[in-house]
Structure formats: C-alpha cells, structure tokens
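A.B. asks: The following block contains the structure, expressed as structure tokens.
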Amino acid sequence: MSTQTAALTSAAPAGLGGGGRSGWGAGSIRPVLIILVLLLIAVGIRQPDFYDPPVLLAFLKRAAPLIILAAGQYFVIVAGDFDLSVGSLVTAEVVIAARLIDGDPAATWPVIALLLGFGLLIGLVNGLVTTLLQVPSFITTLGMYLVLVGAVYTWTGGSPRGALSEEFRLFGRRGIDGVPVLGQLPYAVLVLAGVAVLAVLAMRSDFGKVLLAVGDNPRAARVTGARTARVRTIAFLASGVLAAVAAILLGGFGGVSFQVGQGLEFTAITAVVLGGVVLGGGRGSVAGAMLGALTLQTLLTLLNLLGVSGALSSAVQGLIILAAVAVGTLRRRT
Amino acid sequence: MNKRGWRLPQLDATNGVWPALAVALVVGGSLVALDGGSLFSESSTISLLQRAAGLGIVAVGQTIAILAGSLDLSVAYVISLTSLVAAETMAGSDGMVLPAIGAVLLVSAAIGLLNGLLITKLRINAFIATLGVGLLIKGYLEQGYAGPAGSVPTSFQHLGYDRVGPIPLSFLLFAAVAAAVWFTLRSTRYGHHLIATGGDLDVARLSGVRTDLVLIRTHVICSLCAGIAGLYLASRLGAGAPRVGAEGGYDLESIAAVVLGGTVLAGGRGGVAGTVGGVLLLAVIDAVFNQLEVDSFFKQMVRGVVIVAAVAVYALRLRRTSDQRKAAVA
C-alpha cells in the first residue's frame, strides 16, 4: 500500500513536466528543430536547387520510410519499451512480397493486405509476449528479430526469390502527375502525410495520454485504472503495421534483398531519441520523433553532398547523435 | 505442515539456466545419438568449448555492464578494432606479441572510459552512448579497412588452437576471466557497489556510493573483456578482421547470453555464473544443430524462441515467488 502511494506521489511532479512541447526540457522538440534548420540551410548552400518543389519532394519521398518507422518506434518507446524487430520485419515483408507476387500484377492488392496483416501479427506477438509473459521488450523483440531473420532465410533457401510487380513498386516510385507547382506528388509523401496526421491524432486521443502515463510510471498508471497491457500491445501493433507500410515503400525504391531492413531498428531508435524522446518512456512527442528521422535523413543527404564517403558517414552520424543527445541532456540540467 | 519439504529447490532466475542446460544436453545428446553421431565425442566437445570461449569472454563483460543497470552495444566493434590492433602491431613478429597485447588493452580501456564518461558525465542514455561510440568505430573500420589486415605470429596462435587435455586454451582463458569477474563481484567493495548501483542508482548514491566512478570502471572492464575477445579472435583467424565482431553479432548475442543466464536486464540482480551457463546453453544448441546438419538459419529461429521462452519462465518464477512472499506477509 505504501509503495503504491509513493508511486502515485512521485508520478505527480513528473507528470506535470511530461510531454512538454516547448522549452528545452526533456521531450521538447526545440533542439531537434534547430539542428534540422541548420542542416537544411547547409544543404541549401551546397545544393541551391534543393528547395525546388520537385527536388524537395523527392527528398521527402526518400525520407518517408524512416519517418514512418520512427513514428511506429515512438509509440513503443514512449510507453517504456523497445522494438528491435522492425529492421528484420521490413526485410521479411519485402522478401515475402517478392516471393508471393512473383511478377503477377493481379496479386498486388491481396499481397499488400497480407503484408499489413503480417505486420500486425508480429506486433501482436511482441505485445502479448511482453505484457502477458512479462518478458522485457528488449528481449522479446530481440528474439523476434532472430526468428524473423532465420525464418526468412529458411523459407527462401538463402537468396530472395520472385519479383515485385510494377503495381507494387508504384507506391515507392511514382506519384500523382501534373500537380500545379509541385509537378509530381509522390504517393510515398501522401502516405507519409497520412501516417503523420494519424499518429498525431492518436497521441492527442485518450489512448495517447494513457500511453504517456504508462511510460512515465507504469505502476501509477495501473493503480489509477489504466489498462496498461492493452495500450502497450496496441503500441506494438502500431510499430508492426508501420514497419509493413515502410517496407512497401522501400520495396518500391530498392531491389529485393536481405539487406533492405538491416540496421533500421537502430536507425529508427536513434531518430526517435534525436527527436527529444526519452528512452524509458513518458517523455517526448511523436512530431519530435518524426522530425528526428527527417533530421537524420537530412544529415545523410548533407554528408553525401559534401562527398563524405559512405564508410565515414556512420562515424559522423555517431558523433552528431552523441553531440545532439548530450546537448539536449545538459540543457535539461541547467 | 512443512509445505516446502517435497518441493524441488526454488529456482530463481539466477540458477534456472542450469536445468535448461541439462535438458539441452540430454535432449540434444539423444537426438544426435539417434542421428548416428555423438555430441560428446572429443572433436565436437572441443569445437563446442571453443565457440563458447569467444562469446563467453564478451558476455562476462556485458554481465557487469547490465548488472550495473547499463549495457554496452559497442562491444562488437571493439572486438573488430582490437583484432586489427593486435594483428597490425604484431605484424608477424614474435617480439611484438606483448606490446600488441598492451596496445589492445589500452585501446579497449580507452573506449570503455569514453563510454563511461558519456554515460555518467554527459548523462547520455547507455543505449545511445554505446550505439554512438559503436558507430564511430564502425566508420573508422569501414574507412580504413576493406578486408583482413596484419598478421599474427605462430607463437600467438597457440592461444586459439592449443589445448590442455580436451579443454581448449581459449576456454581456460574464458574461465579465468569469468572467475576473476565473479570474485570481484563477490568479494570486493567495488563489486558490492556495482550491485547497489544497478539495483537503484539514486539509493546507492544517497548511501554514499560514488556511482559515476562505479559505472566508469564497469564500462572499462566491459570493454577490456571485448578487447580480450578481440585478441582471441586475432589469434584464431591469424589476422585482424574489420567485420568479425559485427558479423558474429557479438553485441546482441552477448546480451542474450547474459539474460539467458538470469541476469535481469534492468540491473542489480544476477551474476557471472548464470552467464557462463547461458553461453554454454547457446553453444550446446549450436553444436546440436551443427551435428544434425540443420540449416543454420533454422538454428537462429530456435535460438530466438529459446531466449524469449527462458526469460518468460524466469519472469513467471519471479512473480510466483514475490506472490508467495506477499501471501506470507499477509
């Protein structure tokens, strides 16, 4: 009893500062916005036509999968969990799509439905194992990662088979032509906009508030009557289905390979943290997470423009992440 | 009256891995025997122990990082880097073996120090700090090396290939590292402070533990373990390999082995002995599947399921014992 009261009282002051959107505090998006603006200015100097609508849209199109993954990862992280399985899920989805479609245009829509369902299923398993069996999500999703990688290789016998149909690739590659001013409006950007709106609405709904409360102090949330297991499971479902969406877009840009999703889980987590979201849950906004992903993509573009080789770019990426997170936390203390 | 009389000894999370290991040995051994092979033949035992050694040394370091409530995702790149430092410093000459070992220990300790400082002084979450440091090393490796480099003299290859009776030298090295860390945790002030820090950072600090110092030391030791594993791999491969750590998945695998051994991911509870069991369990699963010539990817799936299942059982037992305690109090 006394521990419960303690949990509730300790949650109160933290709750007041939670989810703050302004200022420098934890969960604030101001630091990432400043970094983003600086990077965008640098990119603009280096590539003057970057701000032409078609170029900008092409950039957004490339950034869309990572931003969508970051949004999914945000739901999981803000509730205090991790999803390490998204990279392998993206790979699995693309490989499954190629094998099932096998160049047949008629199979496109059923397969897309199946992919979304598969994403939901993986999210459901992650969520149930984490909440009902009380396995830490780090371990649950690490196990899921091993299972998915193993399953994909076993199923395909070591190399991806089949091919994606042109209709499937449409989402990643093409767009609505003849839009005034913009030229072509890529489908990927439309999907991204849809996901962004839904994600922000979800976080403003009761679900979002409960999710933040669960991440901030699970025990307090449970004592006050929140269905913590349910919201955490829904967060995993969101992460799974958004990974499926990202995979559909990525399948359109690139080829079918086992490398499509490699390392994406860490990139997505990095993006979320860069956006001011605190690992361990309870702090940060989904807008921040998506801005973090955009910032990361802008950074990669800039490094590319500056001629920094792909090899060294991971070092620069590491440095910037450490610096950005360090500045964020130091600011919070003073 | 004595309800506990006929019960099996209570399995808490820290010793649950041993029955699992026994089951794996019996079931795996019989499966291999049915297949017409033997899990316990000399050659398969040797390769089993050898496989356990590399991961084991890293996992021992990871154990104390996790016990302290932290974790280290940079170990895979530290392994690659130190294998290169070792092989390039030695450059095939016997006289350079000791300087090379010194250089490896220095480099890995410096990386551990950096991890520790980022986590304690700049207050960066351990996940991000060690991921970022890992990316830095990865960039350096990818920029500087396209393939294996340096070479190791034959005298140093003894570490990777010699054995005492049926036990490989490398496994003895693993046992020595594990014993040293086990002793440190059990019998030194630092060890006790480490458990306290992992249990509750704020309480430890308020009780007068210099938690920053504890965390920095812990990360130095964890990186040193990765460096030792790098030395072993250099000796085994005969050269430094820029991708050996990442391809071996030593970062996530070592965390998996630690958790399989019953150490709680949140810190403060667990120990090195469990990790040794976890490493052996993973090695036995490996050996069984190799003997049965099962597809290596299927092996990975089974591994994933085993890890999650084991932790689920631990969580269940932990809940049951805490429920019993509550019932006893009421």
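For the structure tokens, the naming scheme is as follows: chains receive sequential letters (A, B, ...) according to their order of presentation, residues are indexed from 1 within each chain, and ligands are indexed from 1 in presentation order.
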Find the residues near Arg174 of chain A: any atom within 9 Å, counting only C-alpha atoms, skip ones fewer than 5 places away on the same chain, and give them as a count of residues only.

C.D. replies: 7

A.B. asks: Using only C-alpha atoms, which chain B residues lie at most 7 Å away from chain A, written as a PyMOL selection string?

C.D. replies: chain B and resi 122-124+129+132-133+135-140+142-143+297-298+300-301+304-305+307-308+311-312+315

A.B. asks: Let me see the file: selected residues, C-alpha atoms, as a PDB file, in the first residue's frame.

C.D. replies:
ATOM      1  CA  LEU B 122      27.138  13.862 -20.172  1.00  0.00           C
ATOM      2  CA  ARG B 123      24.256  11.723 -18.901  1.00  0.00           C
ATOM      3  CA  ILE B 124      23.587  10.143 -22.263  1.00  0.00           C
ATOM      4  CA  ALA B 129      26.009   6.391 -25.919  1.00  0.00           C
ATOM      5  CA  GLY B 132      27.052   6.128 -30.984  1.00  0.00           C
ATOM      6  CA  VAL B 133      30.561   5.020 -29.958  1.00  0.00           C
ATOM      7  CA  LEU B 135      29.047   3.842 -34.991  1.00  0.00           C
ATOM      8  CA  LEU B 136      32.220   5.903 -34.586  1.00  0.00           C
ATOM      9  CA  ILE B 137      34.378   2.780 -34.519  1.00  0.00           C
ATOM     10  CA  LYS B 138      32.383   1.246 -37.373  1.00  0.00           C
ATOM     11  CA  GLY B 139      33.027   4.321 -39.517  1.00  0.00           C
ATOM     12  CA  TYR B 140      36.737   4.180 -38.756  1.00  0.00           C
ATOM     13  CA  GLU B 142      34.934   0.831 -42.864  1.00  0.00           C
ATOM     14  CA  GLN B 143      37.002   3.809 -43.910  1.00  0.00           C
ATOM     15  CA  PHE B 297      19.062 -20.147 -40.232  1.00  0.00           C
ATOM     16  CA  PHE B 298      16.611 -22.516 -38.634  1.00  0.00           C
ATOM     17  CA  GLN B 300      18.771 -18.902 -35.398  1.00  0.00           C
ATOM     18  CA  MET B 301      14.987 -19.176 -35.149  1.00  0.00           C
ATOM     19  CA  GLY B 304      15.312 -16.678 -30.678  1.00  0.00           C
ATOM     20  CA  VAL B 305      12.489 -18.797 -29.308  1.00  0.00           C
ATOM     21  CA  ILE B 307      15.849 -16.915 -25.374  1.00  0.00           C
ATOM     22  CA  VAL B 308      12.332 -15.499 -25.139  1.00  0.00           C
ATOM     23  CA  VAL B 311      13.134 -15.219 -19.915  1.00  0.00           C
ATOM     24  CA  ALA B 312       9.375 -15.787 -19.822  1.00  0.00           C
ATOM     25  CA  ALA B 315       9.635 -13.798 -15.154  1.00  0.00           C
TER      26      ALA B 315
END

A.B. asks: Would you please give, as a VMD selection string, all residues of segment 48-208 of chain A that DSSP assigns to strand (DSSP E or B) based on the backbone?

C.D. replies: chain A and resid 175 to 179 183 to 186

A.B. asks: Extract, using only C-alpha atoms, all DNA, RNA and protein residues at most 7 Å from Gly249 of chain B, discarding same-chain residues fewer than 4 positions from it, and format them as a list in words.

C.D. replies: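 Contacts, with the query itself left out: Ala76, Gly245 and Glu253 of chain B.
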
A.B. asks: Based on the selection just made, write C-alpha atoms of those residues as a PDB file, in the first residue's frame.

C.D. replies:
ATOM      1  CA  ALA B  76      31.073  -5.916 -31.458  1.00  0.00           C
ATOM      2  CA  GLY B 245      32.537  -8.561 -34.410  1.00  0.00           C
ATOM      3  CA  GLU B 253      24.282 -12.242 -28.649  1.00  0.00           C
TER       4      GLU B 253
END

A.B. asks: May I ask which of the residues A:Ile67, A:Ala79, A:Val181, A:Leu303 is the closest one to Ala229 of chain A, counting only C-alpha atoms?

C.D. replies: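 Residue with the minimum atom-to-atom distance to Ala229 of chain A: A:Ala79.
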
A.B. asks: Would you please extract all helix (DSSP H, G or I) residues from segment 29-266 of chain B, as assigned by DSSP on the backbone, and give them as an NGL selection string?

C.D. replies: :B and (29-34 or 42-67 or 75-90 or 94-120 or 126-144 or 154-161 or 169-187 or 189-199 or 201-206 or 211-237 or 244-247 or 250-260)

A.B. asks: Would you kindly return, as an NGL selection string, each protein, DNA or RNA residue with an atom no farther than 8 Å from any atom of segment 57-68 of chain B, considering only C-alpha atoms and excluding same-chain residues fewer than 2 positions away?

C.D. replies: :B and (53-55 or 70-72 or 75 or 174 or 177-178 or 181 or 194-199 or 215 or 218-219 or 221-226 or 228-229 or 250 or 254-255 or 257-258 or 263-272 or 275-276 or 279)

A.B. asks: Atom CA of Pro166 of chain B and atom CA of Ser41 of chain B are how many Å apart?

C.D. replies: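 Answer for the atom CA of Pro166 of chain B to atom CA of Ser41 of chain B separation: 10.2 Å.
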
A.B. asks: Separation of atom CA of Ala86 of chain B and atom CA of Thr184 of chain B, in Å?

C.D. replies: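 Distance between the two atoms: 26.8 Å.
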
A.B. asks: Would you pick out the contacts of Gly281 of chain A at 7 Å or less, using only C-alpha atoms, so that residues sharing its chain but fewer than 4 positions from it are not included, and give the list as a PyMOL selection string?

C.D. replies: chain A and resi 77-80+215-216

A.B. asks: Using C-alpha atoms, can you write the selected residues to a file as a PDB file, in the first residue's frame?

C.D. replies:
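As written to disk, result11.pdb reads:
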ATOM      1  CA  ILE A  77       9.441   3.806 -26.797  1.00  0.00           C
ATOM      2  CA  VAL A  78       7.166   6.362 -25.176  1.00  0.00           C
ATOM      3  CA  ALA A  79       5.423   3.502 -23.358  1.00  0.00           C
ATOM      4  CA  GLY A  80       8.818   2.449 -21.994  1.00  0.00           C
ATOM      5  CA  GLY A 215       5.665   5.120 -19.975  1.00  0.00           C
ATOM      6  CA  ASP A 216       6.072   7.729 -17.266  1.00  0.00           C
TER       7      ASP A 216
END

A.B. asks: Do you know which residues are at most 12 Å from Gly165 of chain B counting only C-alpha atoms, after dropping those on the same chain fewer than 3 positions away, and could you put them as a list in words?

C.D. replies: Glu42, Ser43, Thr45, Ile46, Asp162, Pro168, Leu169, Phe171 and Leu172 of chain B

A.B. asks: Expressed in Å to a single decimal, how great is the separation between atom CA of Gln73 of chain A and atom CA of Leu116 of chain A?

C.D. replies: 16.3 Å

A.B. asks: Rank B:Leu260, B:Arg325, B:Thr188, B:Ile128 by their smallest atom-to-atom distance to Ala268 of chain A, using only C-alpha atoms, and report the top residue only.

C.D. replies: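 Using only C-alpha atoms, the shortest distance to Ala268 of chain A belongs to B:Ile128.
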
A.B. asks: Residues at most 10 Å from Leu164 of chain A, counting only C-alpha atoms, excluding those fewer than 3 positions away in the same chain, as JSON, numbers by chain?

C.D. replies: {"A": [94, 95, 96, 97, 98, 99, 100, 101, 102, 103, 104, 105, 107, 108, 161, 167, 168, 169, 251, 252, 255, 256]}
